[in-house]
$ cat coords-v9.cif   # mmCIF, C-alpha atoms
data_target
loop_
_atom_site.label_atom_id
_atom_site.label_comp_id
_atom_site.auth_asym_id
_atom_site.auth_seq_id
_atom_site.Cartn_x
_atom_site.Cartn_y
_atom_site.Cartn_z
CA MET A 801 125.76 -88.82 -104.27
CA GLY A 802 125.91 -88.71 -100.44
CA ASN A 803 128.52 -91.48 -100.23
CA SER A 804 130.66 -89.78 -102.88
CA SER A 805 130.75 -86.48 -100.97
CA GLY A 806 131.54 -88.40 -97.76
CA ASN A 807 134.46 -90.14 -99.46
CA ASN A 808 135.72 -86.81 -100.78
CA ALA A 809 135.45 -85.22 -97.31
CA CYS A 810 137.48 -88.10 -95.85
CA ALA A 811 140.07 -87.79 -98.65
CA ILE A 812 140.34 -84.05 -98.01
CA LEU A 813 140.84 -84.57 -94.26
CA VAL A 814 143.52 -87.19 -94.85
CA ARG A 815 145.28 -84.91 -97.34
CA ILE A 816 145.17 -81.96 -94.89
CA LEU A 817 146.57 -84.17 -92.13
CA THR A 818 149.29 -85.36 -94.49
CA LEU A 819 150.15 -81.79 -95.46
CA LEU A 820 150.37 -80.63 -91.82
CA LEU A 821 152.50 -83.63 -90.88
CA LEU A 822 154.74 -82.98 -93.87
CA ILE A 823 155.23 -79.33 -92.88
CA TYR A 824 156.18 -80.51 -89.38
CA ALA A 825 158.68 -82.97 -90.89
CA LEU A 826 160.16 -80.17 -93.00
CA ALA A 827 160.62 -78.00 -89.91
CA LEU A 828 162.33 -80.88 -88.09
CA SER A 829 164.62 -81.52 -91.08
CA ILE A 830 165.62 -77.87 -91.28
CA MET A 831 166.30 -77.76 -87.53
CA THR A 832 168.44 -80.88 -87.91
CA MET A 833 170.56 -79.25 -90.61
CA SER A 834 171.08 -75.99 -88.73
CA SER A 835 172.09 -77.58 -85.41
CA CYS A 836 175.60 -78.35 -84.25
CA HIS A 837 174.24 -80.95 -81.82
CA PHE A 838 173.47 -83.97 -84.01
CA LEU A 839 175.86 -86.07 -81.98
CA SER A 840 177.95 -85.49 -78.91
CA ALA A 841 181.52 -86.67 -79.07
CA LEU A 842 182.54 -87.59 -75.54
CA THR A 843 186.16 -87.29 -74.52
CA PRO A 844 187.83 -89.72 -72.09
CA SER A 845 187.42 -87.04 -69.39
CA ASN A 846 183.63 -87.04 -70.11
CA GLU A 847 183.58 -83.64 -71.78
CA SER A 848 181.08 -83.31 -74.60
CA HIS A 849 181.53 -81.57 -77.96
CA GLY A 850 178.59 -81.17 -80.31
CA VAL A 851 178.90 -82.14 -83.96
CA GLY A 852 176.29 -81.31 -86.58
CA LEU A 853 175.87 -82.29 -90.19
CA THR A 854 177.50 -79.04 -91.35
CA THR A 855 178.91 -77.54 -88.13
CA PHE A 856 180.71 -78.44 -84.93
CA GLU A 857 180.97 -76.90 -81.52
CA LEU A 858 184.16 -75.32 -80.23
CA GLU A 859 185.19 -75.65 -76.58
CA SER A 860 183.82 -72.13 -76.07
CA GLY A 861 180.36 -73.37 -77.14
CA GLU A 862 180.40 -71.51 -80.46
CA CYS A 863 179.16 -73.40 -83.53
CA ILE A 864 181.26 -73.01 -86.65
CA PRO A 865 181.04 -74.63 -90.12
CA HIS A 866 183.19 -77.64 -90.89
CA SER A 867 186.56 -76.28 -91.99
CA ALA A 868 188.38 -77.21 -95.17
CA PHE A 869 190.61 -79.51 -93.10
CA ILE A 870 187.61 -81.41 -91.76
CA GLN A 871 185.97 -81.61 -95.19
CA LYS A 872 189.24 -82.88 -96.69
CA ASN A 873 189.29 -85.72 -94.14
CA TYR A 874 185.68 -86.82 -94.62
CA ASN A 875 185.49 -90.62 -95.03
CA GLY A 876 182.36 -90.41 -97.18
CA MET A 877 179.86 -91.04 -94.40
CA GLU A 878 179.92 -87.37 -93.40
CA MET A 879 179.23 -86.24 -96.95
CA VAL A 880 176.38 -88.73 -97.47
CA ALA A 881 174.82 -87.65 -94.17
CA LYS A 882 175.15 -83.99 -95.16
CA VAL A 883 173.65 -84.54 -98.63
CA GLY A 884 170.81 -86.60 -97.13
CA GLY A 885 170.12 -83.74 -94.74
CA TYR A 886 169.72 -81.33 -97.65
CA VAL A 887 167.81 -83.66 -99.98
CA ALA A 888 165.10 -84.79 -97.53
CA PRO A 889 163.51 -81.36 -96.96
CA SER A 890 163.94 -80.47 -100.62
CA LEU A 891 161.94 -83.50 -101.73
CA GLY A 892 159.41 -82.87 -98.97
CA ALA A 893 158.96 -79.28 -100.15
CA LEU A 894 158.26 -80.55 -103.67
CA VAL A 895 155.52 -82.79 -102.26
CA VAL A 896 153.98 -79.80 -100.48
CA LEU A 897 153.97 -77.95 -103.81
CA VAL A 898 152.37 -80.91 -105.62
CA ALA A 899 149.74 -81.30 -102.87
CA LEU A 900 148.84 -77.61 -103.10
CA LEU A 901 148.69 -77.75 -106.91
CA GLU A 902 146.46 -80.80 -106.60
CA CYS A 903 143.74 -78.58 -105.12
CA CYS A 904 143.37 -76.56 -108.31
CA ARG A 905 144.23 -79.09 -110.97
CA GLY A 906 142.21 -79.35 -114.16
CA THR A 907 140.92 -82.59 -115.54
CA THR A 908 142.29 -85.85 -114.27
CA GLU A 909 143.99 -86.62 -117.59
CA GLU A 910 145.93 -83.33 -117.53
CA TRP A 911 147.01 -83.96 -113.95
CA LEU A 912 148.16 -87.50 -114.63
CA CYS A 913 150.34 -86.31 -117.51
CA CYS A 914 151.82 -83.46 -115.44
CA CYS A 915 152.48 -85.00 -112.03
CA GLY A 916 151.83 -88.71 -112.41
CA GLY A 917 148.85 -88.77 -110.05
CA LYS A 918 149.96 -90.26 -106.73
CA CYS A 919 153.08 -91.82 -108.17
CA LEU A 920 155.35 -88.73 -108.15
CA PRO A 921 154.49 -87.51 -104.62
CA VAL A 922 154.77 -91.02 -103.18
CA LEU A 923 158.20 -91.51 -104.77
CA LEU A 924 159.33 -88.10 -103.51
CA LEU A 925 158.15 -88.99 -100.00
CA LEU A 926 160.00 -92.31 -100.17
CA GLY A 927 163.09 -90.34 -101.19
CA SER A 928 162.56 -88.06 -98.16
CA VAL A 929 162.35 -91.04 -95.81
CA ILE A 930 165.54 -92.57 -97.20
CA SER A 931 167.43 -89.26 -97.33
CA GLN A 932 166.52 -88.32 -93.78
CA GLY A 933 167.61 -91.78 -92.66
CA LEU A 934 170.99 -91.26 -94.32
CA THR A 935 171.77 -88.48 -91.84
CA PHE A 936 172.52 -91.19 -89.27
CA LEU A 937 175.60 -92.22 -91.23
CA LEU A 938 177.35 -89.41 -89.35
CA PHE A 939 177.66 -91.93 -86.51
CA LYS A 940 179.94 -93.99 -88.82
CA SER A 941 182.32 -91.04 -89.19
CA ASP A 942 185.99 -91.85 -88.70
CA LEU A 943 186.59 -88.18 -88.02
CA PHE A 944 183.99 -87.63 -85.30
CA CYS A 945 183.12 -91.05 -83.83
CA THR A 946 186.22 -93.22 -83.92
CA LYS A 947 187.65 -94.05 -80.51
CA SER A 948 190.92 -92.19 -80.12
CA GLU A 949 192.89 -90.24 -77.51
CA THR A 950 190.47 -87.29 -77.95
CA ILE A 951 187.15 -89.11 -78.52
CA ASP A 952 185.85 -91.93 -76.37
CA THR A 953 182.36 -92.43 -77.80
CA CYS A 954 179.51 -90.72 -79.67
CA ILE A 955 175.94 -90.40 -78.47
CA MET A 956 172.78 -89.02 -80.04
CA ASP A 957 172.05 -85.39 -79.33
CA GLN A 958 169.04 -83.09 -79.89
CA ALA A 959 169.26 -82.87 -83.69
CA ALA A 960 169.54 -86.65 -84.04
CA TYR A 961 166.29 -87.06 -82.11
CA ARG A 962 164.70 -84.47 -84.41
CA SER A 963 165.98 -86.46 -87.38
CA VAL A 964 164.33 -89.60 -85.98
CA GLN A 965 161.06 -87.67 -85.66
CA ALA A 966 161.40 -86.27 -89.19
CA THR A 967 162.04 -89.75 -90.61
CA ILE A 968 158.94 -91.11 -88.86
CA CYS A 969 156.84 -88.16 -90.04
CA TYR A 970 158.02 -88.56 -93.65
CA PHE A 971 157.16 -92.26 -93.45
CA ALA A 972 153.70 -91.52 -92.02
CA CYS A 973 153.12 -89.03 -94.87
CA PHE A 974 154.26 -91.68 -97.34
CA ILE A 975 151.68 -94.15 -95.97
CA LEU A 976 148.89 -91.56 -95.79
CA TYR A 977 149.53 -90.32 -99.32
CA LEU A 978 149.84 -93.82 -100.74
CA PHE A 979 146.76 -95.33 -99.12
CA GLY A 980 144.64 -92.21 -98.56
CA GLY A 981 142.00 -91.22 -101.08
CA THR A 982 142.60 -88.59 -103.72
CA PRO A 983 140.31 -85.60 -103.18
CA ARG A 984 138.49 -84.01 -106.08
CA PRO A 985 139.86 -80.58 -107.04
CA LEU A 986 138.19 -77.46 -105.67
CA GLY A 987 135.36 -76.26 -107.86
CA ASN A 988 134.93 -79.74 -109.40
CA PRO A 989 131.69 -81.19 -107.97
#

$ encode --input "coords-v9.cif" --output "structure tokens"
Amino acid sequence: MGNSSGNNACAILVRILTLLLLIYALALSIMTMSSCHFLSALTPSNESHGVGLTTFELESGECIPHSAFIQKNYNGMEMVAKVGGYVAPSLGALVVLVALLECCRGTTEEWLCCCGGKCLPVLLLLGSVISQGLTFLLFKSDLFCTKSETIDTCIMDQAAYRSVQATICYFACFILYLFGGTPRPLGNP
């Protein structure tokens, strides 16, 4: 009896840590999407212009959404990066919901039928890792990162570093959820 309650306490702590780390990853993902500083496009005169997954920075410093002209000239990498930026926090939010529902689930059989036990959250977290990683395809953009008379090179900016952190956090949550114990539901001794 003592060992069982110790295992459950450990499982609960790991699940709480996973949940907190996941919420941090969600915040980082959302900050990545809302920033116009995912990459800095450097001009030959060493001026820098910020480009985000959905916005870019004007010379005045104002961030505006990608215009219809820019969206029309996407080479595919921009769209995949943008979609990945939206999908990663969406899948992560579903895992938060599943983890919270896990606390008040009924019998194990009902839970397995509804949410697949660990299988569904682990697959959603894997999807978050992959989707967040897809945001880096923006660096393969012909529109923003191809050497031309207006762009010399592209470098990582603040939002790209946040995306790296979010990817690592999603991966850590994936590992913790996969290999961590499953806590018993509240009110189920």

$ atom_distance --input "coords-v9.cif" --atom1 "CA of Thr935 in chain A" --atom2 "CA of His837 in chain A"
12.8 Å

$ atom_distance --input "coords-v9.cif" --atom1 "CA of Leu822 in chain A" --atom2 "CA of Tyr970 in chain A"
6.5 Å

$ closest_residue --input "coords-v9.cif" --among "A:Asn808, A:Asn873, A:Ser948, A:Ser840" --to "Glu857 in chain A" --atoms "all atoms listed in the file"
A:Ser840

$ residues_around --input "coords-v9.cif" --residues "Phe944 in chain A" --least-positions-apart "3" --cutoff "12 Å" --atoms "all atoms listed in the file" --output "MDAnalysis selection string"
chainID A and resid 838:843 848:853 855:857 866 870:871 873:875 877:878 937:941 947:948 950:955

$ resolve_selection --input "coords-v9.cif" --expression "the PyMOL selection byres ((chain A and resi 895) around 9)" --output "PyMOL selection string"
chain A and resi 819+822+890-894+896-900+920-922+924-925

$ write_last_selection --input "coords-v9.cif" --atoms "C-alpha atoms" --output "compact mmCIF listing (two decimals), keeping the file's coordinate frame"
# COMPACT_ATOMS: atom_id res chain seq x y z
CA LEU A 819 150.15 -81.79 -95.46
CA LEU A 822 154.74 -82.98 -93.87
CA SER A 890 163.94 -80.47 -100.62
CA LEU A 891 161.94 -83.50 -101.73
CA GLY A 892 159.41 -82.87 -98.97
CA ALA A 893 158.96 -79.28 -100.15
CA LEU A 894 158.26 -80.55 -103.67
CA VAL A 896 153.98 -79.80 -100.48
CA LEU A 897 153.97 -77.95 -103.81
CA VAL A 898 152.37 -80.91 -105.62
CA ALA A 899 149.74 -81.30 -102.87
CA LEU A 900 148.84 -77.61 -103.10
CA LEU A 920 155.35 -88.73 -108.15
CA PRO A 921 154.49 -87.51 -104.62
CA VAL A 922 154.77 -91.02 -103.18
CA LEU A 924 159.33 -88.10 -103.51
CA LEU A 925 158.15 -88.99 -100.00

$ atom_distance --input "coords-v9.cif" --atom1 "CA of Phe974 in chain A" --atom2 "CA of Val929 in chain A"
8.3 Å

$ residues_around --input "coords-v9.cif" --residues "range 812-817 of chain A" --least-positions-apart "6" --cutoff "10 Å" --atoms "only C-alpha atoms" --output "ChimeraX atom specification"
/A:806,823,899-900,903,973,976-977,979-985

$ closest_residue --input "coords-v9.cif" --among "A:Ile864, A:Leu978, A:Ala959, A:Cys945" --to "Leu926 in chain A" --atoms "only C-alpha atoms"
A:Leu978

$ residues_around --input "coords-v9.cif" --residues "Leu934 in chain A" --least-positions-apart "4" --cutoff "9 Å" --atoms "all atoms listed in the file" --output "PDB file with C-alpha atoms, in the coordinates of the input"
ATOM      1  CA  MET A 877     179.860 -91.040 -94.400  1.00  0.00           C
ATOM      2  CA  VAL A 880     176.380 -88.730 -97.470  1.00  0.00           C
ATOM      3  CA  ALA A 881     174.820 -87.650 -94.170  1.00  0.00           C
ATOM      4  CA  LYS A 882     175.150 -83.990 -95.160  1.00  0.00           C
ATOM      5  CA  VAL A 883     173.650 -84.540 -98.630  1.00  0.00           C
ATOM      6  CA  GLY A 884     170.810 -86.600 -97.130  1.00  0.00           C
ATOM      7  CA  GLY A 885     170.120 -83.740 -94.740  1.00  0.00           C
ATOM      8  CA  VAL A 929     162.350 -91.040 -95.810  1.00  0.00           C
ATOM      9  CA  ILE A 930     165.540 -92.570 -97.200  1.00  0.00           C
ATOM     10  CA  LEU A 938     177.350 -89.410 -89.350  1.00  0.00           C
TER      11      LEU A 938
END

$ resolve_selection --input "coords-v9.cif" --expression "the PyMOL selection byres ((chain A and resi 965) around 12)" --output "list in words"
Leu821, Leu822, Tyr824, Ala825, Leu826, Ala827, Leu828, Ser829, Met831, Thr832, Val929, Gln932, Gly933, Gln958, Ala959, Ala960, Tyr961, Arg962, Ser963, Val964, Ala966, Thr967, Ile968, Cys969, Tyr970, Phe971 and Ala972 of chain A

$ closest_residue --input "coords-v9.cif" --among "A:Leu943, A:Cys810, A:Cys836, A:Ile975" --to "Gly876 in chain A" --atoms "all atoms listed in the file"
A:Leu943
